[in-house]
$ cat start-v2.txt   # compact mmCIF, C-alpha atoms
# COMPACT_ATOMS: atom_id res chain seq x y z
CA MET A 1 91.95 18.95 -11.10
CA ASN A 2 90.94 20.91 -14.19
CA LYS A 3 88.45 18.17 -15.03
CA VAL A 4 86.83 18.51 -11.59
CA ILE A 5 86.65 22.31 -11.89
CA ASN A 6 85.17 22.08 -15.39
CA THR A 7 82.58 19.59 -14.13
CA LEU A 8 81.59 21.74 -11.13
CA PHE A 9 81.41 24.95 -13.15
CA ASN A 10 79.74 23.48 -16.21
CA PRO A 11 77.10 26.03 -17.34
CA LYS A 12 74.35 23.49 -16.61
CA VAL A 13 75.28 23.09 -12.94
CA ARG A 14 77.21 26.31 -12.26
CA SER A 15 74.40 27.85 -10.22
CA ARG A 16 74.28 24.78 -7.96
CA THR A 17 78.04 24.93 -7.34
CA ILE A 18 77.90 28.66 -6.56
CA SER A 19 75.03 28.12 -4.10
CA PHE A 20 76.95 25.49 -2.16
CA LEU A 21 80.16 27.54 -2.18
CA VAL A 22 78.33 30.64 -0.88
CA VAL A 23 76.74 28.67 1.98
CA ILE A 24 79.97 26.85 2.91
CA ALA A 25 82.03 30.08 2.81
CA ALA A 26 79.45 31.89 4.98
CA TYR A 27 79.46 29.03 7.51
CA VAL A 28 83.26 28.96 7.76
CA ILE A 29 83.55 32.75 8.14
CA LEU A 30 80.75 33.04 10.71
CA THR A 31 82.05 30.07 12.71
CA LEU A 32 85.53 31.62 12.87
CA LEU A 33 84.12 35.02 13.86
CA SER A 34 81.97 33.41 16.57
CA ALA A 35 84.87 31.30 17.90
CA THR A 36 87.17 34.31 18.13
CA GLY A 37 84.54 36.49 19.80
CA HIS A 38 84.23 38.93 16.91
CA LEU A 39 80.54 38.21 16.39
CA SER A 40 78.19 40.10 18.70
CA ARG A 41 75.59 38.34 20.83
CA LEU A 42 72.83 39.78 18.63
CA PHE A 43 74.22 38.28 15.44
CA THR A 44 75.03 35.00 17.18
CA SER A 45 71.38 34.71 18.24
CA LEU A 46 70.27 35.21 14.62
CA LEU A 47 72.36 32.38 13.11
CA VAL A 48 69.82 29.60 13.65
CA PRO A 49 66.71 31.66 12.68
CA VAL A 50 68.46 32.79 9.47
CA THR A 51 69.20 29.19 8.44
CA ALA A 52 65.60 28.19 9.23
CA TYR A 53 64.20 30.99 7.08
CA ILE A 54 66.64 30.15 4.27
CA VAL A 55 65.39 26.56 4.16
CA ALA A 56 61.74 27.68 4.16
CA ALA A 57 62.46 30.27 1.44
CA ILE A 58 64.26 27.69 -0.73
CA GLY A 59 61.18 25.48 -0.47
CA LEU A 60 58.90 28.39 -1.35
CA ASN A 61 61.08 29.25 -4.37
CA LEU A 62 60.50 25.72 -5.59
CA ASN A 63 56.77 26.48 -5.45
CA VAL A 64 56.79 30.00 -6.83
CA GLY A 65 59.87 30.07 -9.05
CA ILE A 66 60.08 26.53 -10.41
CA SER A 67 56.49 25.27 -10.25
CA GLY A 68 54.88 28.68 -10.89
CA GLU A 69 52.29 28.33 -8.11
CA LEU A 70 51.77 31.23 -5.69
CA ASN A 71 51.79 29.66 -2.23
CA LEU A 72 50.98 31.97 0.71
CA GLY A 73 50.79 29.18 3.28
CA GLN A 74 54.48 28.41 3.76
CA ALA A 75 54.46 29.84 7.29
CA GLY A 76 51.57 27.48 8.06
CA PHE A 77 53.74 24.48 7.16
CA MET A 78 56.55 25.93 9.27
CA SER A 79 54.16 26.08 12.23
CA ILE A 80 53.15 22.45 11.69
CA GLY A 81 56.80 21.42 11.76
CA ALA A 82 57.51 23.63 14.77
CA PHE A 83 54.69 22.40 17.01
CA SER A 84 55.16 18.78 15.90
CA ALA A 85 58.81 19.11 16.93
CA VAL A 86 57.81 20.53 20.32
CA VAL A 87 55.61 17.51 21.08
CA VAL A 88 58.15 14.98 19.81
CA SER A 89 60.92 16.77 21.70
CA GLY A 90 58.89 16.58 24.93
CA VAL A 91 58.46 12.83 24.53
CA LEU A 92 62.15 12.30 23.72
CA GLN A 93 63.26 14.47 26.64
CA ALA A 94 61.15 12.38 28.98
CA ALA A 95 62.88 9.29 27.57
CA GLY A 96 66.32 10.84 28.18
CA VAL A 97 67.37 11.16 24.52
CA GLY A 98 70.41 13.38 23.87
CA ASP A 99 70.14 16.81 22.24
CA ILE A 100 71.72 15.96 18.86
CA LEU A 101 69.63 12.84 18.29
CA ARG A 102 66.54 14.64 19.58
CA LEU A 103 67.06 17.48 17.09
CA ILE A 104 67.52 15.08 14.17
CA ILE A 105 64.39 13.11 15.06
CA CYS A 106 62.35 16.29 15.60
CA MET A 107 63.38 17.77 12.25
CA ALA A 108 62.57 14.49 10.51
CA ALA A 109 59.20 14.32 12.27
CA GLY A 110 58.40 17.96 11.47
CA ALA A 111 59.33 17.44 7.81
CA LEU A 112 57.26 14.24 7.47
CA ILE A 113 54.14 15.64 9.16
CA ALA A 114 54.32 18.87 7.14
CA ALA A 115 54.82 16.85 3.93
CA LEU A 116 51.78 14.72 4.78
CA MET A 117 49.69 17.83 5.40
CA GLY A 118 51.05 19.33 2.19
CA TRP A 119 49.96 16.26 0.25
CA LEU A 120 46.47 16.33 1.78
CA ILE A 121 46.10 20.06 1.08
CA SER A 122 47.45 19.72 -2.47
CA ILE A 123 44.60 17.41 -3.53
CA PRO A 124 41.95 20.16 -3.55
CA VAL A 125 44.23 23.21 -3.67
CA LEU A 126 46.21 22.43 -6.84
CA LYS A 127 42.99 22.20 -8.82
CA LEU A 128 43.00 26.00 -8.51
CA GLN A 129 45.31 28.46 -10.25
CA GLY A 130 46.61 32.01 -9.84
CA ASP A 131 44.91 34.23 -7.28
CA TYR A 132 42.51 31.50 -6.16
CA LEU A 133 45.41 29.24 -5.18
CA ALA A 134 47.05 32.09 -3.26
CA ILE A 135 43.82 32.83 -1.35
CA VAL A 136 43.25 29.19 -0.39
CA THR A 137 46.84 28.65 0.81
CA LEU A 138 46.59 31.91 2.77
CA ALA A 139 43.39 30.65 4.40
CA PHE A 140 45.09 27.34 5.19
CA GLY A 141 47.87 29.16 7.06
CA GLN A 142 45.34 31.13 9.10
CA ILE A 143 43.34 27.98 9.93
CA ILE A 144 46.47 26.20 11.16
CA MET A 145 47.39 29.19 13.34
CA SER A 146 43.88 29.30 14.85
CA LEU A 147 43.91 25.56 15.59
CA LEU A 148 47.30 25.79 17.29
CA ASN A 149 46.15 28.84 19.28
CA ASN A 150 43.40 26.69 20.80
CA SER A 151 45.39 23.51 21.39
CA TYR A 152 46.76 22.21 24.68
CA VAL A 153 49.23 19.34 24.98
CA GLY A 154 50.74 18.05 28.21
CA ILE A 155 52.99 15.16 29.18
CA ASP A 156 53.50 13.17 32.36
CA SER A 157 54.44 9.60 33.28
CA LYS A 158 51.20 8.33 31.70
CA GLY A 159 52.04 9.87 28.33
CA LEU A 160 50.59 12.71 26.27
CA HIS A 161 47.34 14.52 27.11
CA PHE A 162 45.38 16.68 24.67
CA ALA A 163 42.67 19.31 24.99
CA PHE A 164 41.10 21.83 22.62
CA VAL A 165 39.76 25.35 23.26
CA ASN A 166 39.74 24.94 27.06
CA ASN A 167 42.59 23.56 29.13
CA THR A 168 40.93 20.54 30.73
CA ILE A 169 44.18 18.55 31.01
CA GLN A 170 44.77 16.95 34.39
CA MET A 171 48.30 15.70 34.88
CA GLU A 172 50.26 14.00 37.62
CA GLN A 173 52.65 15.98 39.75
CA GLY A 174 55.76 16.68 37.71
CA GLY A 175 53.86 16.79 34.43
CA ARG A 176 54.24 19.80 32.17
CA LEU A 177 52.43 21.55 29.37
CA LEU A 178 54.18 21.43 26.01
CA ILE A 179 51.61 23.56 24.16
CA SER A 180 49.52 26.03 26.11
CA GLY A 181 46.92 27.52 23.78
CA PRO A 182 47.47 31.24 23.01
CA MET A 183 50.72 31.16 25.00
CA GLY A 184 52.07 28.70 22.44
CA ALA A 185 54.90 26.29 23.10
CA THR A 186 56.32 26.55 26.62
CA GLY A 187 59.31 24.95 28.26
CA VAL A 188 60.89 23.76 25.00
CA GLY A 189 64.23 22.01 25.44
CA ILE A 190 66.70 23.98 23.26
CA ALA A 191 68.68 21.74 20.91
CA SER A 192 69.20 23.69 17.67
CA THR A 193 72.69 24.74 16.61
CA PHE A 194 74.15 26.78 13.76
CA THR A 195 75.91 23.66 12.46
CA ALA A 196 72.60 21.80 12.30
CA GLY A 197 71.09 24.75 10.43
CA PHE A 198 74.02 24.79 8.01
CA VAL A 199 73.62 21.07 7.29
CA LEU A 200 69.87 21.54 6.78
CA VAL A 201 70.50 24.35 4.26
CA LEU A 202 72.87 22.08 2.32
CA ILE A 203 70.27 19.30 2.36
CA ALA A 204 67.56 21.71 1.15
CA LEU A 205 69.79 22.93 -1.71
CA ALA A 206 70.70 19.36 -2.66
CA VAL A 207 67.03 18.28 -2.68
CA VAL A 208 65.85 21.25 -4.74
CA TYR A 209 68.70 21.19 -7.27
CA ASN A 210 68.50 17.43 -7.76
CA LEU A 211 64.78 17.78 -8.33
CA MET A 212 65.29 20.68 -10.77
CA TYR A 213 67.84 18.75 -12.85
CA SER A 214 65.84 15.52 -12.82
CA ARG A 215 63.15 14.34 -15.23
CA SER A 216 60.51 15.26 -12.66
CA GLY A 217 61.96 18.77 -12.39
CA ARG A 218 61.80 19.24 -16.16
CA ALA A 219 58.18 18.08 -16.03
CA ILE A 220 57.44 20.64 -13.29
CA MET A 221 58.97 23.47 -15.34
CA ALA A 222 57.20 22.32 -18.52
CA SER A 223 53.88 22.36 -16.61
CA ARG A 224 54.67 25.88 -15.43
CA ASP A 225 55.54 27.21 -18.89
CA ASN A 226 52.62 25.67 -20.80
CA ARG A 227 50.15 23.37 -19.11
CA ILE A 228 48.35 22.35 -22.30
CA ALA A 229 51.58 21.57 -24.18
CA ALA A 230 52.88 19.56 -21.20
CA GLU A 231 49.70 17.48 -21.06
CA SER A 232 49.83 16.92 -24.82
CA VAL A 233 53.21 15.15 -24.53
CA GLY A 234 52.05 12.90 -21.70
CA ILE A 235 53.21 14.86 -18.63
CA LYS A 236 50.93 14.38 -15.63
CA VAL A 237 50.70 18.02 -14.59
CA SER A 238 48.84 17.41 -11.33
CA GLN A 239 51.47 14.91 -10.15
CA ALA A 240 54.32 17.24 -11.10
CA LYS A 241 52.85 20.19 -9.21
CA THR A 242 51.97 18.00 -6.23
CA LEU A 243 55.59 16.81 -6.03
CA ALA A 244 56.82 20.43 -5.92
CA PHE A 245 54.18 21.42 -3.34
CA VAL A 246 54.90 18.47 -1.04
CA THR A 247 58.68 18.99 -1.27
CA ALA A 248 58.26 22.67 -0.37
CA SER A 249 56.01 21.71 2.57
CA CYS A 250 58.56 19.14 3.75
CA LEU A 251 61.38 21.71 3.76
CA ALA A 252 59.16 24.23 5.60
CA GLY A 253 58.37 21.61 8.24
CA ALA A 254 62.06 20.85 8.82
CA ALA A 255 62.78 24.59 9.00
CA GLY A 256 59.98 25.06 11.54
CA ALA A 257 61.38 22.27 13.72
CA LEU A 258 64.86 23.82 13.63
CA TYR A 259 63.38 27.22 14.52
CA ALA A 260 61.22 25.80 17.35
CA LEU A 261 64.06 24.06 19.18
CA ASN A 262 66.07 27.28 19.21
CA TYR A 263 63.73 28.97 21.73
CA SER A 264 62.40 27.95 25.13
CA SER A 265 58.97 29.37 24.19
CA PHE A 266 57.16 30.89 21.21
CA ALA A 267 53.57 31.54 20.11
CA ALA A 268 51.69 30.30 17.06
CA THR A 269 51.24 33.94 15.96
CA LYS A 270 54.94 33.90 15.03
CA PHE A 271 53.88 31.99 11.90
CA ASP A 272 51.09 34.30 10.81
CA PHE A 273 50.19 35.84 7.43
CA ASN A 274 52.98 38.42 7.73
CA ASN A 275 55.55 35.64 7.99
CA SER A 276 54.29 34.07 4.75
CA ILE A 277 54.52 37.43 2.99
CA LEU A 278 58.07 37.95 4.29
CA LEU A 279 59.10 34.55 2.91
CA LEU A 280 57.60 35.53 -0.44
CA VAL A 281 59.56 38.81 -0.31
CA TYR A 282 62.80 36.87 0.27
CA VAL A 283 62.06 34.72 -2.78
CA VAL A 284 61.08 37.61 -5.06
CA LEU A 285 64.06 39.78 -4.12
CA GLY A 286 66.44 36.84 -4.47
CA GLY A 287 65.04 36.01 -7.89
CA LEU A 288 62.43 33.45 -8.92
CA GLY A 289 64.18 30.12 -9.45
CA ASN A 290 67.48 31.57 -8.18
CA MET A 291 68.49 29.62 -5.05
CA THR A 292 71.73 31.55 -4.51
CA GLY A 293 69.81 34.81 -4.61
CA THR A 294 67.27 33.41 -2.17
CA VAL A 295 70.02 32.49 0.32
CA ILE A 296 71.59 35.96 0.11
CA ALA A 297 68.30 37.92 0.15
CA THR A 298 66.95 35.96 3.11
CA THR A 299 70.13 36.50 5.11
CA LEU A 300 70.20 40.24 4.45
CA LEU A 301 66.50 40.83 5.07
CA VAL A 302 66.40 38.84 8.31
CA VAL A 303 69.48 40.61 9.68
CA LEU A 304 68.63 44.13 8.43
CA PRO A 305 65.75 44.91 10.86
CA GLU A 306 67.98 43.86 13.78
CA MET A 307 70.83 46.05 12.53
CA LEU A 308 68.40 48.98 12.44
CA ARG A 309 67.00 48.29 15.90
CA PHE A 310 68.94 51.25 17.38
CA LEU A 311 66.70 53.53 15.30
CA GLN A 312 63.66 52.19 17.19
CA ASN A 313 60.51 53.62 15.58
CA TYR A 314 62.17 54.35 12.25
CA ARG A 315 63.75 50.97 11.58
CA MET A 316 60.74 49.40 9.84
CA LEU A 317 60.30 52.54 7.73
CA ILE A 318 63.93 52.27 6.57
CA TYR A 319 63.46 48.54 6.02
CA ALA A 320 60.46 49.23 3.75
CA ILE A 321 62.39 51.93 1.83
CA VAL A 322 65.29 49.51 1.28
CA LEU A 323 62.86 46.90 -0.10
CA ILE A 324 61.36 49.45 -2.51
CA VAL A 325 64.80 50.58 -3.69
CA ILE A 326 65.92 46.99 -4.27
CA MET A 327 62.78 46.25 -6.27
CA LEU A 328 63.26 49.38 -8.41
CA VAL A 329 66.91 48.58 -9.07
CA SER A 330 66.32 44.91 -9.82
CA ASN A 331 63.57 45.82 -12.31
CA ASN A 332 65.57 48.59 -14.00
CA GLU A 333 65.79 47.77 -17.73
CA PHE A 334 69.08 49.64 -18.23
CA LEU A 335 70.82 47.83 -15.36
CA ARG A 336 69.39 44.52 -16.51
CA LEU A 337 70.82 45.00 -20.02
CA ARG A 338 74.20 45.98 -18.57
CA MET A 339 74.24 42.81 -16.46
CA GLN A 340 73.34 40.69 -19.50
CA MET A 341 76.19 42.29 -21.48
CA LEU A 342 78.59 41.61 -18.59
CA ARG A 343 77.50 37.94 -18.41
CA THR A 344 77.95 37.59 -22.19
CA ARG A 345 81.49 38.99 -21.99
CA LEU A 346 82.40 36.68 -19.12
CA LYS A 347 81.06 33.66 -21.03
CA LYS A 348 83.10 34.63 -24.12
CA LYS A 349 86.25 35.00 -22.03
CA GLY A 350 85.58 31.63 -20.39
CA ALA A 351 85.10 29.98 -23.78
CA GLU A 352 88.32 31.55 -25.11
CA ALA A 353 90.23 30.35 -22.03
CA ASP A 354 88.94 26.79 -22.55
CA GLU A 355 90.14 26.84 -26.17
$ encode --input "start-v2.txt" --output "structure tokens"
Amino acid sequence: MNKVINTLFNPKVRSRTISFLVVIAAYVILTLLSATGHLSRLFTSLLVPVTAYIVAAIGLNLNVGISGELNLGQAGFMSIGAFSAVVVSGVLQAAGVGDILRLIICMAAGALIAALMGWLISIPVLKLQGDYLAIVTLAFGQIIMSLLNNSYVGIDSKGLHFAFVNNTIQMEQGGRLLISGPMGATGVGIASTFTAGFVLVLIALAVVYNLMYSRSGRAIMASRDNRIAAESVGIKVSQAKTLAFVTASCLAGAAGALYALNYSSFAATKFDFNNSILLLVYVVLGGLGNMTGTVIATTLLVVLPEMLRFLQNYRMLIYAIVLIVIMLVSNNEFLRLRMQMLRTRLKKKGAEADE
């Protein structure tokens, strides 16, 4: 037993173990509260969206914290996964596929299509650095939103029908629109569950941590720290950064699919520029490269505006003030030194206990 504990809490993998324990503990507690009726309807409705945003934020942290590339298009990849899932879900519903299998297939489809788009975008985008990369990824997100705002997709017994800008789709009686231009996705068959979101968060953490601790992950971090030095020892920087970018896109696509199948309808504007900035805020407040912090920060910052809803016009003002206070505290040199001293003491006590 001691050997297992020492392995799990080895300094090299301690952060991974803590991340999984935090997520599992939160799932168990929230499931028990929901089953016993102690969780309000408001918080119950937020369970799936929170898990979706956590997965997208974990992917973005891989981009920003591990790879060192400022990506402002994560919401765009979420929208690709979401609308891909809506179309796939419509086809599967017509074929009579059950909800659980439909959700799994839709999340896989959303992840694959978003990863493919991420790979295509990465070819020109990752030749840029710094602010230029941020601007291009931001533009990509806006382009995707505009395209989806002008897309129409319907389904009937003859299959799928597509139109762009104007709704020229003519369907048989009984056919229905899956995507209706500015109105977004309509008539989506709800299939997402909190358990599915929990499993997806665990998968996202496993993917990111395994990548971080692998040879490819070390190459990504070496490319982030010093591009010239990394190239001098034979690391293919472009491939390393592309791997991080595509993985982040894949996770965002899966998160978008999970989010999409939690609502009967939603618009493409849900995944606008503001959403990308919010995801970046979750990552920054949680700590760059800190997946546990990302999980906690995302949960708190998604739930906080809803908790303040009773204040109506003042809730977003309070939300902004809380963000500013957190940033000031987290960047306080005195508090940072105190935390470092506390960590050092805990490590010494742990080493003495092992001896």
$ residues_near_point --input "start-v2.txt" --point "(60.6, 28.5, 14.2)" --cutoff "9 Å" --atoms "only C-alpha atoms" --output "PyMOL selection string"
chain A and resi 49+52-53+78-79+81-83+255-263+266+270-271
$ atom_distance --input "start-v2.txt" --atom1 "CA of Ile143 (chain A)" --atom2 "CA of Ile121 (chain A)"
12.2 Å
$ residues_around --input "start-v2.txt" --residues "Val153 (chain A)" --least-positions-apart "4" --cutoff "9 Å" --atoms "all atoms listed in the file" --output "VMD selection string"
chain A and resid 87 160 to 164 167 169 176 to 181
$ residues_around --input "start-v2.txt" --residues "region 232-248 of chain A" --least-positions-apart "6" --cutoff "6 Å" --atoms "only C-alpha atoms" --output "compact mmCIF listing (two decimals) with C-alpha atoms, in the coordinates of the input"
# COMPACT_ATOMS: atom_id res chain seq x y z
CA GLY A 59 61.18 25.48 -0.47
CA LEU A 60 58.90 28.39 -1.35
CA ALA A 115 54.82 16.85 3.93
CA GLY A 118 51.05 19.33 2.19
CA TRP A 119 49.96 16.26 0.25
CA ILE A 220 57.44 20.64 -13.29
CA SER A 223 53.88 22.36 -16.61
$ closest_residue --input "start-v2.txt" --among "A:Ser146, A:Asn313, A:Ser192, A:Ser276" --to "Ile105 (chain A)" --atoms "all atoms listed in the file"
A:Ser192
$ decode --input "start-v2.txt" --residues "region 29-40 of chain A" --atoms "N, CA and C atoms" --output "PDB file, in the first residue's frame"
ATOM      1  N   ILE A  29     -19.164  13.939  -4.604  1.00  0.00           N
ATOM      2  CA  ILE A  29     -19.917  14.855  -3.731  1.00  0.00           C
ATOM      3  C   ILE A  29     -21.132  15.425  -4.454  1.00  0.00           C
ATOM      4  N   LEU A  30     -20.926  15.898  -5.691  1.00  0.00           N
ATOM      5  CA  LEU A  30     -22.039  16.502  -6.428  1.00  0.00           C
ATOM      6  C   LEU A  30     -23.098  15.474  -6.794  1.00  0.00           C
ATOM      7  N   THR A  31     -22.685  14.253  -7.101  1.00  0.00           N
ATOM      8  CA  THR A  31     -23.649  13.196  -7.418  1.00  0.00           C
ATOM      9  C   THR A  31     -24.506  12.865  -6.203  1.00  0.00           C
ATOM     10  N   LEU A  32     -23.868  12.780  -5.029  1.00  0.00           N
ATOM     11  CA  LEU A  32     -24.605  12.501  -3.797  1.00  0.00           C
ATOM     12  C   LEU A  32     -25.571  13.643  -3.469  1.00  0.00           C
ATOM     13  N   LEU A  33     -25.112  14.883  -3.611  1.00  0.00           N
ATOM     14  CA  LEU A  33     -25.968  16.035  -3.336  1.00  0.00           C
ATOM     15  C   LEU A  33     -27.165  16.058  -4.282  1.00  0.00           C
ATOM     16  N   SER A  34     -26.909  15.747  -5.563  1.00  0.00           N
ATOM     17  CA  SER A  34     -27.991  15.741  -6.553  1.00  0.00           C
ATOM     18  C   SER A  34     -28.990  14.619  -6.272  1.00  0.00           C
ATOM     19  N   ALA A  35     -28.470  13.442  -5.889  1.00  0.00           N
ATOM     20  CA  ALA A  35     -29.339  12.288  -5.633  1.00  0.00           C
ATOM     21  C   ALA A  35     -30.209  12.493  -4.409  1.00  0.00           C
ATOM     22  N   THR A  36     -29.696  13.222  -3.430  1.00  0.00           N
ATOM     23  CA  THR A  36     -30.453  13.456  -2.193  1.00  0.00           C
ATOM     24  C   THR A  36     -31.290  14.730  -2.250  1.00  0.00           C
ATOM     25  N   GLY A  37     -31.254  15.430  -3.379  1.00  0.00           N
ATOM     26  CA  GLY A  37     -32.071  16.625  -3.539  1.00  0.00           C
ATOM     27  C   GLY A  37     -31.526  17.863  -2.880  1.00  0.00           C
ATOM     28  N   HIS A  38     -30.247  17.847  -2.489  1.00  0.00           N
ATOM     29  CA  HIS A  38     -29.648  19.001  -1.829  1.00  0.00           C
ATOM     30  C   HIS A  38     -28.977  19.968  -2.809  1.00  0.00           C
ATOM     31  N   LEU A  39     -29.045  19.645  -4.078  1.00  0.00           N
ATOM     32  CA  LEU A  39     -28.462  20.513  -5.098  1.00  0.00           C
ATOM     33  C   LEU A  39     -29.603  21.191  -5.854  1.00  0.00           C
ATOM     34  N   SER A  40     -29.588  22.501  -5.887  1.00  0.00           N
ATOM     35  CA  SER A  40     -30.687  23.241  -6.515  1.00  0.00           C
ATOM     36  C   SER A  40     -30.736  22.989  -8.017  1.00  0.00           C
TER      37      SER A  40
END
